[in-house]
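File shown: protein21.pdb. Contents: PDB, C-alpha atoms.
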```
ATOM      1  CA  MET Q  10      20.695  50.654-115.920
ATOM      2  CA  ALA Q  11      20.593  54.223-117.225
ATOM      3  CA  PRO Q  12      17.203  55.945-117.613
ATOM      4  CA  GLN Q  13      15.553  55.479-120.996
ATOM      5  CA  GLN Q  14      15.897  58.570-123.168
ATOM      6  CA  ASP Q  15      14.846  58.009-126.793
ATOM      7  CA  ILE Q  16      12.223  55.292-127.100
ATOM      8  CA  PRO Q  17      12.135  53.534-130.521
ATOM      9  CA  PRO Q  18       8.721  53.539-132.245
ATOM     10  CA  ALA Q  19       8.624  49.724-132.212
ATOM     11  CA  ALA Q  20       8.939  49.706-128.414
ATOM     12  CA  ASN Q  21       6.050  52.147-128.120
ATOM     13  CA  VAL Q  22       3.850  50.091-130.477
ATOM     14  CA  LEU Q  23       4.560  46.801-128.725
ATOM     15  CA  GLY Q  24       4.182  48.436-125.325
ATOM     16  CA  THR Q  25       0.844  49.922-126.400
ATOM     17  CA  ILE Q  26      -0.445  46.493-127.451
ATOM     18  CA  GLY Q  27       0.654  44.998-124.147
ATOM     19  CA  THR Q  28      -0.910  47.859-122.207
ATOM     20  CA  ILE Q  29      -4.240  47.597-124.040
ATOM     21  CA  LEU Q  30      -4.375  43.860-123.321
ATOM     22  CA  TRP Q  31      -3.525  44.364-119.650
ATOM     23  CA  CYS Q  32      -5.961  47.267-119.390
ATOM     24  CA  ILE Q  33      -8.918  45.120-120.458
ATOM     25  CA  GLN Q  34      -7.682  41.650-119.499
ATOM     26  CA  THR Q  35      -9.689  41.282-116.293
ATOM     27  CA  ILE Q  36     -12.914  42.636-117.806
ATOM     28  CA  PRO Q  37     -13.933  39.121-119.000
ATOM     29  CA  GLN Q  38     -13.214  37.806-115.491
ATOM     30  CA  ILE Q  39     -15.173  40.643-113.900
ATOM     31  CA  TRP Q  40     -18.077  39.917-116.254
ATOM     32  CA  THR Q  41     -17.944  36.172-115.480
ATOM     33  CA  ASN Q  42     -17.978  36.879-111.744
ATOM     34  CA  TRP Q  43     -20.977  39.185-112.142
ATOM     35  CA  ARG Q  44     -22.889  36.847-114.473
ATOM     36  CA  THR Q  45     -22.439  33.711-112.360
ATOM     37  CA  LYS Q  46     -22.597  35.568-109.026
ATOM     38  CA  LYS Q  47     -19.821  33.339-107.695
ATOM     39  CA  THR Q  48     -16.024  33.300-107.635
ATOM     40  CA  GLU Q  49     -15.291  29.714-106.588
ATOM     41  CA  GLY Q  50     -11.866  28.668-107.868
ATOM     42  CA  LEU Q  51     -10.653  32.263-108.241
ATOM     43  CA  PRO Q  52      -8.324  32.851-105.256
ATOM     44  CA  GLY Q  53      -8.764  36.178-103.520
ATOM     45  CA  SER Q  54      -5.096  36.104-102.535
ATOM     46  CA  MET Q  55      -4.167  35.990-106.227
ATOM     47  CA  MET Q  56      -6.037  39.195-107.048
ATOM     48  CA  TYR Q  57      -4.888  41.040-103.947
ATOM     49  CA  LEU Q  58      -1.236  40.139-104.456
ATOM     50  CA  TRP Q  59      -1.517  41.279-108.091
ATOM     51  CA  ALA Q  60      -3.106  44.558-107.017
ATOM     52  CA  LEU Q  61      -0.354  45.005-104.423
ATOM     53  CA  CYS Q  62       2.222  44.177-107.087
ATOM     54  CA  GLY Q  63       1.056  47.221-109.046
ATOM     55  CA  VAL Q  64       2.590  49.550-106.440
ATOM     56  CA  PRO Q  65       6.293  48.609-106.826
ATOM     57  CA  PHE Q  66       5.680  47.598-110.459
ATOM     58  CA  GLY Q  67       4.304  51.070-111.296
ATOM     59  CA  ALA Q  68       7.036  52.892-109.382
ATOM     60  CA  TYR Q  69       9.686  50.802-111.121
ATOM     61  CA  ASN Q  70       8.385  51.607-114.606
ATOM     62  CA  VAL Q  71       7.892  55.320-113.897
ATOM     63  CA  VAL Q  72      11.313  55.867-112.305
ATOM     64  CA  GLN Q  73      13.012  53.958-115.140
ATOM     65  CA  ARG Q  74      11.193  56.212-117.639
ATOM     66  CA  PHE Q  75       9.933  53.306-119.699
ATOM     67  CA  ASN Q  76       7.746  54.113-122.687
ATOM     68  CA  TYR Q  77       4.479  55.741-121.606
ATOM     69  CA  PRO Q  78       2.231  52.720-122.242
ATOM     70  CA  LEU Q  79       4.356  50.664-119.847
ATOM     71  CA  GLN Q  80       4.109  53.423-117.227
ATOM     72  CA  VAL Q  81       0.296  53.414-117.437
ATOM     73  CA  GLN Q  82       0.015  49.640-117.536
ATOM     74  CA  PRO Q  83       0.640  48.854-113.821
ATOM     75  CA  GLN Q  84      -1.867  51.476-112.690
ATOM     76  CA  VAL Q  85      -4.735  49.999-114.698
ATOM     77  CA  PHE Q  86      -3.634  46.481-113.816
ATOM     78  CA  MET Q  87      -3.758  47.353-110.115
ATOM     79  CA  ALA Q  88      -7.205  48.965-110.349
ATOM     80  CA  LEU Q  89      -8.824  46.045-112.196
ATOM     81  CA  CYS Q  90      -7.309  43.484-109.836
ATOM     82  CA  LEU Q  91      -8.811  45.403-106.915
ATOM     83  CA  VAL Q  92     -12.219  45.220-108.606
ATOM     84  CA  ASN Q  93     -11.875  41.436-108.922
ATOM     85  CA  TRP Q  94     -10.783  41.179-105.297
ATOM     86  CA  CYS Q  95     -13.814  43.177-104.180
ATOM     87  CA  GLN Q  96     -16.083  40.859-106.175
ATOM     88  CA  ILE Q  97     -14.588  37.880-104.329
ATOM     89  CA  LEU Q  98     -15.312  39.572-101.001
ATOM     90  CA  PHE Q  99     -18.907  40.211-102.094
ATOM     91  CA  TYR Q 100     -19.832  36.960-103.860
ATOM     92  CA  ASN Q 101     -17.694  34.418-102.025
ATOM     93  CA  ASN Q 102     -17.184  35.910 -98.550
ATOM     94  CA  ARG Q 103     -20.690  37.466 -98.464
ATOM     95  CA  TRP Q 104     -19.533  40.855 -97.247
ATOM     96  CA  ALA Q 105     -21.985  43.762 -97.266
ATOM     97  CA  ILE Q 106     -21.712  45.909-100.402
ATOM     98  CA  TRP Q 107     -20.941  49.100 -98.444
ATOM     99  CA  LYS Q 108     -18.113  47.358 -96.627
ATOM    100  CA  VAL Q 109     -16.684  46.017 -99.921
ATOM    101  CA  ILE Q 110     -16.753  49.466-101.549
ATOM    102  CA  LEU Q 111     -15.199  51.104 -98.495
ATOM    103  CA  ILE Q 112     -12.335  48.624 -98.192
ATOM    104  CA  GLY Q 113     -11.749  48.704-101.956
ATOM    105  CA  LEU Q 114     -11.452  52.503-102.095
ATOM    106  CA  THR Q 115      -9.295  52.552 -98.962
ATOM    107  CA  ASN Q 116      -6.855  50.090-100.469
ATOM    108  CA  ALA Q 117      -6.784  51.977-103.784
ATOM    109  CA  ALA Q 118      -5.971  55.261-102.026
ATOM    110  CA  ALA Q 119      -3.275  53.613 -99.905
ATOM    111  CA  PHE Q 120      -1.673  51.952-102.923
ATOM    112  CA  ALA Q 121      -1.654  55.222-104.902
ATOM    113  CA  GLY Q 122      -0.096  57.105-101.980
ATOM    114  CA  VAL Q 123       2.648  54.545-101.452
ATOM    115  CA  GLU Q 124       3.512  54.455-105.159
ATOM    116  CA  ALA Q 125       3.690  58.252-105.364
ATOM    117  CA  ALA Q 126       5.979  58.296-102.318
ATOM    118  CA  LEU Q 127       8.236  55.668-103.885
ATOM    119  CA  VAL Q 128       8.520  57.623-107.142
ATOM    120  CA  LEU Q 129       9.294  60.930-105.390
ATOM    121  CA  THR Q 130      11.878  59.240-103.170
ATOM    122  CA  LEU Q 131      13.621  57.039-105.705
ATOM    123  CA  GLN Q 132      13.605  59.283-108.800
ATOM    124  CA  PRO Q 133      16.303  61.717-107.554
ATOM    125  CA  LEU Q 134      18.458  58.845-106.315
ATOM    126  CA  TYR Q 135      18.125  56.979-109.604
ATOM    127  CA  ASP Q 136      18.918  60.070-111.663
ATOM    128  CA  ALA Q 137      22.029  60.579-109.506
ATOM    129  CA  GLY Q 138      23.262  57.099-110.412
ATOM    130  CA  ASN Q 139      22.139  55.206-107.305
ATOM    131  CA  GLY Q 140      20.081  52.295-108.630
ATOM    132  CA  ILE Q 141      19.987  50.117-105.517
ATOM    133  CA  GLY Q 142      16.622  51.422-104.331
ATOM    134  CA  ILE Q 143      14.829  50.889-107.638
ATOM    135  CA  LEU Q 144      16.448  47.464-107.965
ATOM    136  CA  VAL Q 145      14.942  46.410-104.633
ATOM    137  CA  VAL Q 146      11.545  47.753-105.695
ATOM    138  CA  GLY Q 147      11.748  45.800-108.944
ATOM    139  CA  ILE Q 148      12.610  42.594-107.104
ATOM    140  CA  VAL Q 149       9.637  43.071-104.768
ATOM    141  CA  ALA Q 150       7.346  43.575-107.782
ATOM    142  CA  ALA Q 151       8.591  40.371-109.427
ATOM    143  CA  VAL Q 152       8.159  38.383-106.202
ATOM    144  CA  LEU Q 153       4.599  39.659-105.664
ATOM    145  CA  LEU Q 154       3.638  38.923-109.272
ATOM    146  CA  ALA Q 155       4.973  35.374-109.028
ATOM    147  CA  ALA Q 156       3.382  34.871-105.602
ATOM    148  CA  GLY Q 157       0.021  35.941-107.018
ATOM    149  CA  LEU Q 158       0.152  33.107-109.542
ATOM    150  CA  LEU Q 159       0.848  30.440-106.914
ATOM    151  CA  PRO Q 160      -2.646  30.270-105.280
ATOM    152  CA  PRO Q 161      -4.231  29.003-108.547
ATOM    153  CA  TYR Q 162      -1.833  26.054-108.376
ATOM    154  CA  GLY Q 163      -3.339  25.180-105.007
ATOM    155  CA  GLU Q 164      -6.757  25.132-106.693
ATOM    156  CA  LEU Q 165      -5.331  22.951-109.479
ATOM    157  CA  TRP Q 166      -4.018  20.467-106.901
ATOM    158  CA  LYS Q 167      -7.383  20.431-105.159
ATOM    159  CA  ARG Q 168      -9.249  19.695-108.408
ATOM    160  CA  ARG Q 169      -6.618  17.348-109.863
ATOM    161  CA  GLY Q 170      -5.531  19.772-112.579
ATOM    162  CA  ARG Q 171      -8.911  21.226-113.507
ATOM    163  CA  VAL Q 172      -9.277  25.008-113.797
ATOM    164  CA  VAL Q 173     -12.488  26.287-112.187
ATOM    165  CA  GLY Q 174     -13.614  29.892-111.833
ATOM    166  CA  ILE Q 175     -10.859  31.438-113.966
ATOM    167  CA  ASN Q 176     -11.978  32.860-117.306
ATOM    168  CA  PHE Q 177      -9.690  31.599-120.082
ATOM    169  CA  VAL Q 178     -10.197  34.763-122.154
ATOM    170  CA  PHE Q 179      -8.845  36.732-119.204
ATOM    171  CA  LEU Q 180      -5.937  34.323-118.796
ATOM    172  CA  SER Q 181      -5.110  34.457-122.525
ATOM    173  CA  MET Q 182      -5.176  38.250-122.623
ATOM    174  CA  ASP Q 183      -2.950  38.384-119.571
ATOM    175  CA  TRP Q 184      -0.482  35.996-121.215
ATOM    176  CA  PHE Q 185      -0.331  37.989-124.448
ATOM    177  CA  GLY Q 186      -0.134  41.261-122.506
ATOM    178  CA  ALA Q 187       2.967  40.002-120.727
ATOM    179  CA  PHE Q 188       4.397  38.722-124.015
ATOM    180  CA  PHE Q 189       4.011  42.007-125.920
ATOM    181  CA  SER Q 190       5.311  43.962-122.938
ATOM    182  CA  LEU Q 191       8.379  41.718-122.921
ATOM    183  CA  MET Q 192       8.866  42.355-126.645
ATOM    184  CA  SER Q 193       8.530  46.088-125.964
ATOM    185  CA  LEU Q 194      11.428  45.923-123.517
ATOM    186  CA  ALA Q 195      13.460  43.987-126.075
ATOM    187  CA  ALA Q 196      12.806  46.702-128.678
ATOM    188  CA  GLN Q 197      14.165  49.477-126.453
ATOM    189  CA  ASN Q 198      17.717  50.728-126.832
ATOM    190  CA  SER Q 199      18.711  48.754-123.738
ATOM    191  CA  PHE Q 200      16.929  45.737-122.304
ATOM    192  CA  ASP Q 201      15.901  45.916-118.670
ATOM    193  CA  VAL Q 202      16.668  42.477-117.215
ATOM    194  CA  LEU Q 203      14.569  42.757-114.069
ATOM    195  CA  GLY Q 204      11.545  44.067-115.946
ATOM    196  CA  GLY Q 205      11.974  41.245-118.434
ATOM    197  CA  VAL Q 206      12.137  38.664-115.637
ATOM    198  CA  LEU Q 207       8.854  40.001-114.257
ATOM    199  CA  TYR Q 208       7.053  39.383-117.564
ATOM    200  CA  ILE Q 209       8.764  36.023-118.131
ATOM    201  CA  VAL Q 210       7.651  34.755-114.713
ATOM    202  CA  CYS Q 211       4.079  35.694-115.579
ATOM    203  CA  ILE Q 212       4.263  33.905-118.945
ATOM    204  CA  ILE Q 213       5.746  30.704-117.509
ATOM    205  CA  LEU Q 214       3.319  30.344-114.588
ATOM    206  CA  GLU Q 215       0.265  31.069-116.727
ATOM    207  CA  THR Q 216       1.450  28.566-119.327
ATOM    208  CA  GLY Q 217       1.502  25.992-116.522
ATOM    209  CA  ILE Q 218      -2.161  26.740-115.739
ATOM    210  CA  PHE Q 219      -3.141  26.223-119.382
ATOM    211  CA  LEU Q 220      -1.227  22.943-119.607
ATOM    212  CA  SER Q 221      -2.738  21.659-116.360
ATOM    213  CA  HIS Q 222      -6.289  22.073-117.659
ATOM    214  CA  ILE Q 223      -5.428  20.586-121.042
ATOM    215  CA  ILE Q 224      -4.037  17.493-119.297
ATOM    216  CA  TRP Q 225      -7.184  17.258-117.151
ATOM    217  CA  ILE Q 226      -9.362  17.419-120.274
ATOM    218  CA  PHE Q 227      -7.374  14.577-121.834
ATOM    219  CA  ARG Q 228      -7.529  12.393-118.707
ATOM    220  CA  THR Q 229     -11.298  12.817-118.282
ATOM    221  CA  ARG Q 230     -12.232  12.573-121.960
ATOM    222  CA  ARG Q 231     -14.004   9.174-121.646
ATOM    223  CA  LEU Q 232     -15.881  10.091-118.507
ATOM    224  CA  ARG Q 233     -17.115  13.377-119.959
ATOM    225  CA  LYS Q 234     -18.124  11.670-123.217
ATOM    226  CA  GLU Q 235     -20.169   9.046-121.369
ATOM    227  CA  ALA Q 236     -21.741  11.715-119.163
ATOM    228  CA  ALA Q 237     -22.684  13.806-122.210
ATOM    229  CA  ALA Q 238     -24.335  10.764-123.795
ATOM    230  CA  GLU Q 239     -26.587  10.559-120.737
ATOM    231  CA  GLY Q 240     -27.270  14.283-120.725
ATOM    232  CA  LYS Q 241     -25.077  14.867-117.684
ATOM    233  CA  THR Q 242     -21.967  16.888-116.879
ATOM    234  CA  PHE Q 243     -18.734  15.957-115.174
ATOM    235  CA  ASP Q 244     -19.950  17.652-112.000
ATOM    236  CA  ASP Q 245     -23.152  15.581-112.076
ATOM    237  CA  ILE Q 246     -21.122  12.359-112.176
ATOM    238  CA  ALA Q 247     -18.844  13.533-109.363
ATOM    239  CA  ALA Q 248     -21.899  14.371-107.250
ATOM    240  CA  GLU Q 249     -23.370  10.897-107.851
ATOM    241  CA  TYR Q 250     -20.185   9.212-106.678
ATOM    242  CA  ALA Q 251     -20.110  11.412-103.583
ATOM    243  CA  GLU Q 252     -23.748  10.633-102.735
ATOM    244  CA  GLN Q 253     -23.142   6.891-103.080
ATOM    245  CA  GLY Q 254     -19.933   7.026-101.045
ATOM    246  CA  VAL Q 255     -17.931   5.409-103.841
ATOM    247  CA  PRO Q 256     -14.289   6.515-104.312
ATOM    248  CA  PHE Q 257     -13.936   8.650-107.431
ATOM    249  CA  LYS Q 258     -10.634   8.964-109.258
ATOM    250  CA  PHE Q 259     -11.198  12.630-110.122
ATOM    251  CA  ALA Q 260     -12.871  13.743-106.893
ATOM    252  CA  GLU Q 261     -11.657  16.970-105.335
ATOM    253  CA  ARG Q 262      -8.846  16.578-102.857
ATOM    254  CA  LYS Q 263      -9.336  17.775 -99.316
ATOM    255  CA  TYR Q 264      -6.966  19.980 -97.385
ATOM    256  CA  SER Q 265      -5.704  18.519 -94.104
ATOM    257  CA  LYS Q 266      -8.067  20.644 -92.011
ATOM    258  CA  GLN Q 267     -11.091  19.624 -94.100
ATOM    259  CA  SER Q 268     -10.065  15.971 -93.963
ATOM    260  CA  LYS Q 269      -9.713  16.098 -90.173
ATOM    261  CA  GLU Q 270     -13.197  17.603 -89.791
ATOM    262  CA  GLU Q 271     -14.719  15.001 -92.092
ATOM    263  CA  ARG Q 272     -12.994  12.196 -90.222
ATOM    264  CA  THR Q 273     -14.468  13.544 -86.995
ATOM    265  CA  ASP Q 274     -17.932  13.610 -88.568
ATOM    266  CA  ALA Q 275     -17.398  10.077 -89.820
ATOM    267  CA  GLU Q 276     -16.528   8.823 -86.362
ATOM    268  CA  THR Q 277     -19.593  10.540 -84.939
ATOM    269  CA  GLY Q 278     -21.811   8.986 -87.566
ATOM    270  CA  ILE Q 279     -20.470   5.498 -86.927
ATOM    271  CA  THR Q 280     -21.089   5.930 -83.204
ATOM    272  CA  ARG Q 281     -24.670   6.988 -83.812
ATOM    273  CA  HIS Q 282     -25.178   3.977 -86.056
ATOM    274  CA  ALA Q 283     -23.834   1.590 -83.441
ATOM    275  CA  GLU Q 284     -25.990   3.076 -80.684
ATOM    276  CA  GLY Q 285     -29.117   3.231 -82.820
ATOM    277  CA  SER Q 286     -28.828  -0.380 -83.953
ATOM    278  CA  ARG Q 287     -28.107  -1.895 -80.519
ATOM    279  CA  GLY Q 288     -30.344  -4.870 -79.853
ATOM    280  CA  MET Q 289     -31.457  -5.059 -83.472
ATOM    281  CA  GLN Q 290     -30.422  -7.480 -86.134
ATOM    282  CA  GLN Q 291     -27.727  -5.964 -88.344
ATOM    283  CA  PRO Q 292     -28.647  -5.704 -92.033
ATOM    284  CA  SER Q 293     -26.325  -7.066 -94.655
ATOM    285  CA  VAL Q 294     -25.294  -4.562 -97.267
ATOM    286  CA  ALA Q 295     -24.194  -5.833-100.639
ATOM    287  CA  GLU Q 296     -20.750  -4.904-101.751
ATOM    288  CA  VAL Q 297     -20.216  -2.351-104.444
ATOM    289  CA  SER Q 298     -20.413  -4.008-107.817
ATOM    290  CA  PRO Q 299     -19.166  -1.945-110.726
ATOM    291  CA  GLU Q 300     -20.988  -2.457-113.964
ATOM    292  CA  ASN Q 301     -17.708  -2.400-115.818
ATOM    293  CA  THR Q 302     -14.142  -1.347-115.227
ATOM    294  CA  ALA Q 303     -13.873   1.310-117.956
ATOM    295  CA  GLU Q 304     -12.626   4.623-116.683
ATOM    296  CA  GLY Q 305     -15.363   6.878-115.419
ATOM    297  CA  THR Q 306     -18.260   4.406-115.693
ATOM    298  CA  HIS Q 307     -20.971   4.552-113.079
ATOM    299  CA  ARG Q 308     -21.058   2.308-110.045
ATOM    300  CA  HIS Q 309     -24.027   1.610-107.849
ATOM    301  CA  ILE Q 310     -24.446   0.396-104.333
ATOM    302  CA  SER Q 311     -27.297  -2.022-103.762
ATOM    303  CA  GLN Q 312     -30.091  -0.635-101.616
ATOM    304  CA  PRO Q 313     -29.882  -1.352 -97.860
ATOM    305  CA  VAL Q 314     -32.356  -3.640 -96.169
ATOM    306  CA  THR Q 315     -35.806  -2.116 -95.740
ATOM    307  CA  GLY Q 316     -36.218  -0.407 -92.390
ATOM    308  CA  MET Q 317     -32.529   0.331 -91.982
ATOM    309  CA  ARG Q 318     -32.041   3.025 -94.655
ATOM    310  CA  ASP Q 319     -31.911   5.890 -92.222
ATOM    311  CA  GLU Q 320     -29.212   4.155 -90.212
ATOM    312  CA  VAL Q 321     -27.078   3.382 -93.253
ATOM    313  CA  LYS Q 322     -27.254   7.027 -94.279
ATOM    314  CA  ASP Q 323     -25.564   7.888 -90.997
ATOM    315  CA  VAL Q 324     -22.425   6.035 -92.035
ATOM    316  CA  ALA Q 325     -19.894   8.655 -93.210
ATOM    317  CA  HIS Q 326     -18.719   8.699 -96.767
ATOM    318  CA  PRO Q 327     -15.075   7.768 -97.296
ATOM    319  CA  VAL Q 328     -12.684  10.646 -97.592
ATOM    320  CA  ASP Q 329     -10.624  10.960-100.739
ATOM    321  CA  ARG Q 330      -6.986  11.197 -99.819
TER     322      ARG Q 330
END
```
How does this structure look as structure tokens?
Amino acid sequence: MAPQQDIPPAANVLGTIGTILWCIQTIPQIWTNWRTKKTEGLPGSMMYLWALCGVPFGAYNVVQRFNYPLQVQPQVFMALCLVNWCQILFYNNRWAIWKVILIGLTNAAAFAGVEAALVLTLQPLYDAGNGIGILVVGIVAAVLLAAGLLPPYGELWKRRGRVVGINFVFLSMDWFGAFFSLMSLAAQNSFDVLGGVLYIVCIILETGIFLSHIIWIFRTRRLRKEAAAEGKTFDDIAAEYAEQGVPFKFAERKYSKQSKEERTDAETGITRHAEGSRGMQQPSVAEVSPENTAEGTHRHISQPVTGMRDEVKDVAHPVDR
């Protein structure tokens, strides 16, 4: 594709809208992380891959001489994603603040240096008619952007479709930023296919995240309504089921490593119970009797025989598969 020369006003306007949205998109997420002091459900790999994506993405837009808003867009996008990644290191991984700042600035400097090197290397080649190098860079940018949106799907699987930790204002602004940027490319004299694919991938994967949470809301509507009537939340109900050891339809799934560790703990607990109760009469524990079979209603386990409560507590809770 030949370098862009005259940029139509419509392309600049649409590109400006997309750039503004992508320049401020992660501010709501940054604010949410700071306010709640936690980043559970927000994958660090997502933010780092997005920040890394800004390097080839920025070089691609600059070398292609896209409209100026689209050239600025990847730089701001990269910087804000690094801020989010640093927050995850601080709040979730409990790193020291000096270490977080140091590693954040080091990565920012490295990313800027690599992008500048790519632009200086590829610009003469591209102007001479050799577009293979910039094509490879564009493909890498698209792959990194798509890869960054895959970790949230792992969180969706874990929570059975529920979105946790991701600010929906941030997600909406990101979606619309990609949409207006795509329209900006369409308004140029020639449409850049690879750049368009990059924005389309973003739109499709983020739409999937929205739909997943909407489906989860629909599936849990009765449970959440009943919980609200009792002054509780969905998380309160899930915690009650976990404490009672009763299987819960919407409980978080466990990764294979977590499941293996919990099975080991369960076996240890059963052994302790058997050893501790040797020579003593075994208590009879009533079976679980649900109050009703409506979705999401509470179930209770009858209390164990007096004197044996501590031993029953040693029995491991069943693992949700």
The PyMOL selection byres ((chain Q and resi 216) around 12) resolved against shown file, as JSON, numbers by chain: {"Q": [158, 162, 177, 180, 181, 183, 184, 185, 187, 188, 209, 210, 211, 212, 213, 214, 215, 217, 218, 219, 220, 221, 222, 223]}
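Going from CA of Ala121 in chain Q to CA of Met55 in chain Q covers 19.4 Å.
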Å distance separating CA of Trp40 in chain Q from CA of Trp94 in chain Q, one decimal place: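 Separation between CA of Trp40 in chain Q and CA of Trp94 in chain Q: 13.2 Å.
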Shortest interatomic distance to Ile97 in chain Q - which of Q:Val145, Q:Ile39, Q:Val173, Q:Leu61, counting all atoms listed in the file: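 For Ile97 in chain Q, the nearest of the given residues is Q:Ile39.
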Using the chain letters and numbering of this document, enumerate as an mmCIF file with C-alpha atoms, in the coordinates of the input the residues selected by the PyMOL selection byres ((chain Q and resi 164) around 12).
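Contents of the output file part.cif:
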```cif
data_model
loop_
_atom_site.group_PDB
_atom_site.id
_atom_site.type_symbol
_atom_site.label_atom_id
_atom_site.label_comp_id
_atom_site.auth_asym_id
_atom_site.auth_seq_id
_atom_site.Cartn_x
_atom_site.Cartn_y
_atom_site.Cartn_z
ATOM 1 C CA GLU Q 49 -15.291 29.714 -106.588
ATOM 2 C CA GLY Q 50 -11.866 28.668 -107.868
ATOM 3 C CA LEU Q 51 -10.653 32.263 -108.241
ATOM 4 C CA PRO Q 52 -8.324 32.851 -105.256
ATOM 5 C CA GLY Q 53 -8.764 36.178 -103.520
ATOM 6 C CA SER Q 54 -5.096 36.104 -102.535
ATOM 7 C CA MET Q 55 -4.167 35.990 -106.227
ATOM 8 C CA LEU Q 158 0.152 33.107 -109.542
ATOM 9 C CA LEU Q 159 0.848 30.440 -106.914
ATOM 10 C CA PRO Q 160 -2.646 30.270 -105.280
ATOM 11 C CA PRO Q 161 -4.231 29.003 -108.547
ATOM 12 C CA TYR Q 162 -1.833 26.054 -108.376
ATOM 13 C CA GLY Q 163 -3.339 25.180 -105.007
ATOM 14 C CA LEU Q 165 -5.331 22.951 -109.479
ATOM 15 C CA TRP Q 166 -4.018 20.467 -106.901
ATOM 16 C CA LYS Q 167 -7.383 20.431 -105.159
ATOM 17 C CA ARG Q 168 -9.249 19.695 -108.408
ATOM 18 C CA ARG Q 169 -6.618 17.348 -109.863
ATOM 19 C CA GLY Q 170 -5.531 19.772 -112.579
ATOM 20 C CA ARG Q 171 -8.911 21.226 -113.507
ATOM 21 C CA VAL Q 172 -9.277 25.008 -113.797
ATOM 22 C CA VAL Q 173 -12.488 26.287 -112.187
ATOM 23 C CA GLY Q 174 -13.614 29.892 -111.833
ATOM 24 C CA ILE Q 175 -10.859 31.438 -113.966
ATOM 25 C CA ILE Q 218 -2.161 26.740 -115.739
ATOM 26 C CA SER Q 221 -2.738 21.659 -116.360
ATOM 27 C CA HIS Q 222 -6.289 22.073 -117.659
ATOM 28 C CA GLU Q 261 -11.657 16.970 -105.335
ATOM 29 C CA ARG Q 262 -8.846 16.578 -102.857
ATOM 30 C CA LYS Q 263 -9.336 17.775 -99.316
ATOM 31 C CA TYR Q 264 -6.966 19.980 -97.385
#
```
Interatomic distance (Å, one decimal) between CA of Met182 in chain Q and CA of Trp31 in chain Q: 7.0 Å
From Q:Met56, Q:Leu131, Q:Ile29, Q:Leu232, residue lying nearest Val81 in chain Q [only C-alpha atoms]: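 Result for the nearest residue to Val81 in chain Q: Q:Ile29.
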Put the listed atoms of range 145-159 of chain Q in a box along x, y and z with 5 Å added on every side and give me the centre and edge lengths in Å to one decimal, as lines of an AutoDock Vina configuration file.
```
center_x = 7.5
center_y = 39.1
center_z = -107.1
size_x = 24.9
size_y = 27.3
size_z = 14.9
```
Shortest interatomic distance to Gln84 in chain Q - which of Q:Asn116, Q:Leu153, Q:Trp43, Q:Cys32, counting only C-alpha atoms: Q:Cys32
Output as JSON lines one row per residue of range 126-223 of chain Q within 6 Å of range 67-72 of chain Q: the closest atom pair and its distance in Å to one decimal place, counting only C-alpha atoms, sorted by chain and residue number ascending.
```
{"residue": "Q:Val128", "atom": "CA", "partner": "Q:Ala68", "partner_atom": "CA", "distance": 5.4}
{"residue": "Q:Gln132", "atom": "CA", "partner": "Q:Val72", "partner_atom": "CA", "distance": 5.4}
{"residue": "Q:Gly147", "atom": "CA", "partner": "Q:Tyr69", "partner_atom": "CA", "distance": 5.8}
```
Of the listed residues Q:Leu58, Q:Leu79, Q:Leu111, Q:Ala196, that which approaches Ala151 in chain Q most closely, counting only C-alpha atoms: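 Closest candidate: Q:Leu58.
The residue that comes closest to Ala195 in chain Q, out of Q:Phe75, Q:Lys47, Q:Trp104, Q:Lys241 and on the basis of only C-alpha atoms, is Q:Phe75.
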